[in-house]
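Undergrad: What follows is a single structure, and I will ask about it in a moment.
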Amino acid sequence: MVTIGCVIKTPGSSKNNKTGSWRTFKPILDKEKCIDCDNCIIFCPDSSVNKQHDINYDYCKGCGICAHECPSDAIEMVKE
Amino acid sequence: MDIPDKDLLSPGHRGCAGCGASIAVKLALNALGENTVAISATGCLEVMTTPYPETAWEVPFIHVAFENSGAVASGVEAALRIQGKDDVNVVAFGGDGGTVDIGLQSLSGAMERGHNLTYICYDNEAYMNTGIQRSGATPFGATTTTSPKGVASFGEDKPKKDMPMIMAAHGIPYVATASIAYPEDFVNKVKKAAAVKGPAYIHLQQPCTTGWGFDSSRTIELGRLAVETGSWILYEIENGEFKITFTPEERKPVTEYLSQQKRFRHLEEEQISKIQKFVDAQCAELGL
């Protein structure tokens with residue numbers, strides 16, 4: 001049933017939608033090469049890299065921005 | 001840059017892979033913090049973040065129509081003020097269509113009345129959500145579905161509307177331009193805008209992988225190229241005082257920016273030199 005005014009009462013409920021299924025290429029991070037610049041966190045459109053630089057494949061759409069913006073080439077895009 | 005424990009725009013939203021608008025809004029919300037009410041015009045952002053019955057927003061959010069985010073934000077701000085809730089950030093987002101075309105009247109009213117709010121235009125330079133139709137913010141030479149390249153046309157034949165200067169002409173305390181490719185500059189400007197008493201306007205350039213035609217991994221690179229070629233100039237106007245906030249070491253020729261995008265790839269020497277001249281003139285005018 002549609003709520004009055006189409007009110008959505010659960011903040012962040014888009015998390016139900018696992019956009020990881022959109023992915024063709026998967027970013028793989030080599031933590032040995034990581035220099036903690038945080039570019040991958042700052043520029044991720046899908047909030048899929050956490051503070052420890054773990055990639056959340058439930059939501060990562062595989063856009064490749066993280067790999068492209070990584071100054072130490074620590075992220076490789078690998079075909080799913 | 002401070003990295004928050006949790007982003008205030010959640011994943012699972014339907015933005016395209018490599019979407020610049022979601023990066024923009026994520027950065028802006030994280031700068032403003034939880035004590036924020038967000039308003040959005042119709043557009044990519046509203047459609048992709050609120051597919052009923054889900055929402056990506058972790059702060060209160062209201063969408064009404066295409067043309068009235070300025071009016072809705074005014075109402076939200078006035079309602080909070082009358083309740084004595086002066087410490088809540090009110091931020092409105094509109095795309096270029098919702099800002100420079102359809103929402104201009106209500107935004108102008110909000111600015112002129114002096115509401116204490118921040119308006120952020122995320123400018124991807126056409127109506128992307130409905131299939132890449134031109135807007136007043138579409139730059140000269142770009143091909144869109146309503147300014148298509150072909151035998152009779154080279155694409156958009158009018159220059160981009162100078163929206164930040166139209167806002168500055170309202171005499172509001174804070175106006176800035178920004179780019180998602182310069183996140184620290186953008187976040188600083190959002191914080192300044194929120195701290196200002198009265199209206200603030202930020203015009204953010206946001207490359208669009210779908211509408212501009214480039215690989216989804218290059219969203220930030222394209223934003224950087226826009227700034228490095230002088231095609232997009234980062235500045236702020238604080239209480240009438242104009243200041244450039246980023247100067248590229250050496251300004252690159254515009255072709256380095258244009259040639260990377262499908263929307264400009266058809267352009268011939270004549271139009272490219274016209275664009276270069278226009279960019280040179282604008283850089284000279286603003287002192288870049």
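Identifiers in the structure tokens: chain A, B, ... in order shown; residue index from 1 per chain; ligand index from 1 in order shown.
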Write out as a count of residues only every residue belonging to chain B that has an atom at most 9 Å from any atom of chain A, counting only C-alpha atoms.

TA: 47

Undergrad: Give me, as number ranges by chain, all polymer residues having an atom no more than 8 Å from Ala31 (chain B), counting only C-alpha atoms and skipping those fewer than 3 positions away in the same chain.

TA: B: 27-28, 187, 190-191

Undergrad: As a PyMOL selection string, which residues of region 127-170 of chain B does DSSP assign to helix (DSSP H, G or I)?

TA: chain B and resi 163-168

Undergrad: Apply DSSP to the backbone of this structure and, from chain A, keep only the residues in strand (DSSP E or B); write these as an MDAnalysis selection string.

TA: chainID A and resid 25:29 49 55 75:79

Undergrad: CA of Thr36 (chain B) and CA of Tyr57 (chain A) are how many Å apart?

TA: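 Computing the Euclidean distance for CA of Thr36 (chain B) and CA of Tyr57 (chain A) yields 29.1 Å.
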
Undergrad: Find the distance between CA of Gly213 (chain B) and CA of Gly94 (chain B) and write it in Å to one decimal.

TA: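 Between these atoms lies a distance of 21.8 Å.
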
Undergrad: Calculated over only C-alpha atoms, which of the candidates A:Cys40, A:Lys26, A:Ile4, A:Val49 has the smallest distance to Asp73 (chain A)?

TA: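 Counting only C-alpha atoms, the residue closest to Asp73 (chain A) is A:Cys40.
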
Undergrad: Show me, as a ChimeraX atom specification, the residues that have an atom within 8 Å of Asn68 (chain B) when counting only C-alpha atoms, minus same-chain residues fewer than 4 positions from it.

TA: /B:41,64,72,103,106-107

Undergrad: With N, CA and C atoms kept, could you save the residues just selected as a JSON list (two decimals), in the first residue's frame?

TA:
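Result went into out08.json, see below:
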```json
[["chain", "number", "residue", "atom", "x", "y", "z"],
["B", 41, "ALA", "N", 15.10, 19.02, -6.26],
["B", 41, "ALA", "CA", 14.26, 19.21, -7.44],
["B", 41, "ALA", "C", 14.13, 17.86, -8.13],
["B", 64, "VAL", "N", 9.40, 17.70, -4.13],
["B", 64, "VAL", "CA", 8.04, 18.09, -4.53],
["B", 64, "VAL", "C", 7.92, 18.12, -6.05],
["B", 72, "VAL", "N", 10.34, 25.20, -1.81],
["B", 72, "VAL", "CA", 10.19, 24.19, -0.75],
["B", 72, "VAL", "C", 11.27, 24.39, 0.31],
["B", 103, "GLY", "N", 13.70, 25.71, -12.41],
["B", 103, "GLY", "CA", 13.56, 26.17, -11.02],
["B", 103, "GLY", "C", 14.07, 27.57, -10.77],
["B", 106, "SER", "N", 11.78, 30.12, -8.60],
["B", 106, "SER", "CA", 11.62, 29.88, -7.16],
["B", 106, "SER", "C", 12.96, 30.03, -6.44],
["B", 107, "LEU", "N", 14.05, 29.69, -7.13],
["B", 107, "LEU", "CA", 15.38, 29.86, -6.54],
["B", 107, "LEU", "C", 15.69, 31.35, -6.38]]
```

Undergrad: What does the distance from CA of Asp86 (chain B) to CA of Gly198 (chain B) come to in Å, to one decimal?

TA: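 Between these atoms lies a distance of 11.7 Å.
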
Undergrad: Extract, using only C-alpha atoms, all DNA, RNA and protein residues at most 10 Å from Gln276 (chain B), discarding same-chain residues fewer than 2 positions from it, and format them as a VMD selection string.

TA: chain B and resid 229 to 231 253 to 255 271 to 274 278 to 282

Undergrad: Output N, CA and C atoms for every residue in the selection just made, as an mmCIF file, in the first residue's frame.

TA:
```cif
data_model
loop_
_atom_site.group_PDB
_atom_site.id
_atom_site.type_symbol
_atom_site.label_atom_id
_atom_site.label_comp_id
_atom_site.auth_asym_id
_atom_site.auth_seq_id
_atom_site.Cartn_x
_atom_site.Cartn_y
_atom_site.Cartn_z
ATOM 1 N N THR B 229 41.819 23.057 -18.100
ATOM 2 C CA THR B 229 41.770 23.770 -19.380
ATOM 3 C C THR B 229 41.113 25.145 -19.239
ATOM 4 N N GLY B 230 40.613 25.460 -18.055
ATOM 5 C CA GLY B 230 39.936 26.737 -17.851
ATOM 6 C C GLY B 230 38.498 26.717 -18.332
ATOM 7 N N SER B 231 38.019 25.521 -18.749
ATOM 8 C CA SER B 231 36.624 25.411 -19.192
ATOM 9 C C SER B 231 35.674 25.561 -18.002
ATOM 10 N N PRO B 253 45.246 23.345 -23.426
ATOM 11 C CA PRO B 253 44.295 23.709 -24.496
ATOM 12 C C PRO B 253 42.970 22.950 -24.344
ATOM 13 N N VAL B 254 41.865 23.585 -24.723
ATOM 14 C CA VAL B 254 40.540 22.982 -24.511
ATOM 15 C C VAL B 254 40.361 21.648 -25.237
ATOM 16 N N THR B 255 41.112 21.439 -26.313
ATOM 17 C CA THR B 255 40.967 20.173 -27.046
ATOM 18 C C THR B 255 41.237 18.968 -26.143
ATOM 19 N N GLN B 271 34.810 25.419 -34.739
ATOM 20 C CA GLN B 271 34.101 25.498 -33.455
ATOM 21 C C GLN B 271 35.060 25.373 -32.279
ATOM 22 N N ILE B 272 36.077 24.520 -32.440
ATOM 23 C CA ILE B 272 37.031 24.341 -31.333
ATOM 24 C C ILE B 272 37.775 25.649 -31.059
ATOM 25 N N SER B 273 38.158 26.356 -32.120
ATOM 26 C CA SER B 273 38.877 27.617 -31.892
ATOM 27 C C SER B 273 37.930 28.663 -31.294
ATOM 28 N N LYS B 274 36.663 28.578 -31.651
ATOM 29 C CA LYS B 274 35.667 29.471 -31.054
ATOM 30 C C LYS B 274 35.560 29.208 -29.544
ATOM 31 N N PHE B 278 36.538 31.642 -26.443
ATOM 32 C CA PHE B 278 35.564 31.939 -25.397
ATOM 33 C C PHE B 278 36.154 31.660 -24.017
ATOM 34 N N VAL B 279 36.841 30.512 -23.900
ATOM 35 C CA VAL B 279 37.464 30.137 -22.615
ATOM 36 C C VAL B 279 38.564 31.141 -22.251
ATOM 37 N N ASP B 280 39.378 31.521 -23.244
ATOM 38 C CA ASP B 280 40.441 32.510 -23.002
ATOM 39 C C ASP B 280 39.852 33.825 -22.484
ATOM 40 N N ALA B 281 38.754 34.241 -23.125
ATOM 41 C CA ALA B 281 38.130 35.509 -22.730
ATOM 42 C C ALA B 281 37.592 35.432 -21.307
ATOM 43 N N GLN B 282 36.967 34.279 -20.996
ATOM 44 C CA GLN B 282 36.402 34.129 -19.651
ATOM 45 C C GLN B 282 37.504 34.079 -18.584
#
```

Undergrad: I need the residue nearest Cys121 (chain B) from this list: B:Gly33, B:Gly155, B:Pro248, B:Gly97. Use only C-alpha atoms for the distance.

TA: B:Gly97

Undergrad: Using only C-alpha atoms, pick whichever of B:His203, B:Lys189, B:Lys277, B:Arg113 has the shortest atom-to-atom distance to Gly171 (chain B).

TA: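 Between B:His203, B:Lys189, B:Lys277, B:Arg113, the residue approaching Gly171 (chain B) most closely is B:Arg113.
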